[in-house]
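Report on the following structure.
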Amino acid sequence: MSIKFILMIALLIAGMGCIMSAKVSFQQRQLTAPDNVWSEKEKKLRRLGYGILILDVILAGFVPEF
């Protein structure tokens, strides 16, 4: 396995982990206080996850094998 492949898998896991963590936090909070508004922490975590996934796509599509 190449370093690029391992890095892509790590970024995928990190990005999806951030997004899922934000979603689980939101769902648990909605059980006690249903306001349908993302908290600032959840928004930041979700944006971080999407940013990591965008970086993963750029790495996969535009960076040559190393």
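Ligands are numbered from 1 in the order shown, chains are lettered A, B, ... in the order of the structure tokens, and residues start at 1 in each chain.
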Test item: residues at most 10 Å from range 33-49 of chain A, only C-alpha atoms, excluding those fewer than 6 positions along its chain, as a list in words:
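Here the answer would be Leu11, Leu12, Ile13, Ala14, Gly15, Met16, Gly17, Cys18, Ile19, Met20, Ser21, Ala22, Lys23, Val24, Ser25, Phe26, Gln27 and Leu55 of chain A.
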Sorted by chain and rising residue number, list the residues of range 23-54 of chain A at most 10 Å from range 58-66 of chain A (counting only C-alpha atoms), each with its closest atom pair and distance in Å to one decimal, as a tab-separated table.
residue	atom	partner	partner_atom	distance
A:Ile52	CA	A:Ile58	CA	9.9
A:Leu53	CA	A:Ile58	CA	8.7
A:Ile54	CA	A:Ile58	CA	6.2
DSSP on the backbone, then: every residue of chain A marked alpha helix (DSSP H), written as an MDAnalysis selection string.
chainID A and resid 3:32 40:62
Store the residues picked out above in a file with C-alpha atoms, as a short mmCIF file (atom, residue, chain, number, x, y, z; two decimals), in the first residue's frame.
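Wrote again-v6.cif, looks like this:
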data_model
loop_
_atom_site.label_atom_id
_atom_site.label_comp_id
_atom_site.auth_asym_id
_atom_site.auth_seq_id
_atom_site.Cartn_x
_atom_site.Cartn_y
_atom_site.Cartn_z
CA ILE A 3 1.50 6.38 1.55
CA LYS A 4 -1.12 8.27 -0.48
CA PHE A 5 -3.65 5.46 -0.04
CA ILE A 6 -3.06 5.24 3.71
CA LEU A 7 -3.35 9.04 4.03
CA MET A 8 -6.60 9.02 2.02
CA ILE A 9 -8.11 6.35 4.27
CA ALA A 10 -7.03 8.25 7.40
CA LEU A 11 -8.56 11.50 6.10
CA LEU A 12 -11.77 9.70 5.18
CA ILE A 13 -12.08 8.19 8.65
CA ALA A 14 -11.29 11.53 10.34
CA GLY A 15 -13.74 13.49 8.19
CA MET A 16 -16.60 11.04 8.55
CA GLY A 17 -15.87 10.76 12.28
CA CYS A 18 -16.22 14.52 12.71
CA ILE A 19 -19.49 14.64 10.77
CA MET A 20 -20.97 11.65 12.58
CA SER A 21 -19.88 12.99 15.96
CA ALA A 22 -21.62 16.32 15.25
CA LYS A 23 -24.78 14.54 14.10
CA VAL A 24 -24.91 12.24 17.15
CA SER A 25 -24.36 15.22 19.45
CA PHE A 26 -27.18 17.10 17.71
CA GLN A 27 -29.56 14.14 17.95
CA GLN A 28 -28.85 13.55 21.63
CA ARG A 29 -29.36 17.22 22.42
CA GLN A 30 -32.66 17.23 20.52
CA LEU A 31 -34.02 14.50 22.81
CA THR A 32 -33.81 16.83 25.80
CA GLU A 40 -21.73 26.42 17.47
CA LYS A 41 -19.61 23.43 18.51
CA GLU A 42 -21.63 21.12 16.24
CA LYS A 43 -21.38 23.57 13.33
CA LYS A 44 -17.59 23.86 13.72
CA LEU A 45 -17.18 20.09 13.98
CA ARG A 46 -19.34 19.54 10.91
CA ARG A 47 -17.44 22.16 8.88
CA LEU A 48 -14.14 20.61 9.96
CA GLY A 49 -15.38 17.20 8.78
CA TYR A 50 -16.45 18.56 5.39
CA GLY A 51 -13.12 20.37 5.05
CA ILE A 52 -11.20 17.18 5.74
CA LEU A 53 -13.30 15.31 3.18
CA ILE A 54 -12.70 18.03 0.57
CA LEU A 55 -8.96 17.73 1.25
CA ASP A 56 -9.31 13.96 0.78
CA VAL A 57 -11.01 14.41 -2.61
CA ILE A 58 -8.32 16.87 -3.73
CA LEU A 59 -5.63 14.42 -2.65
CA ALA A 60 -7.34 11.54 -4.45
CA GLY A 61 -8.01 13.38 -7.69
CA PHE A 62 -5.27 15.92 -8.20
#
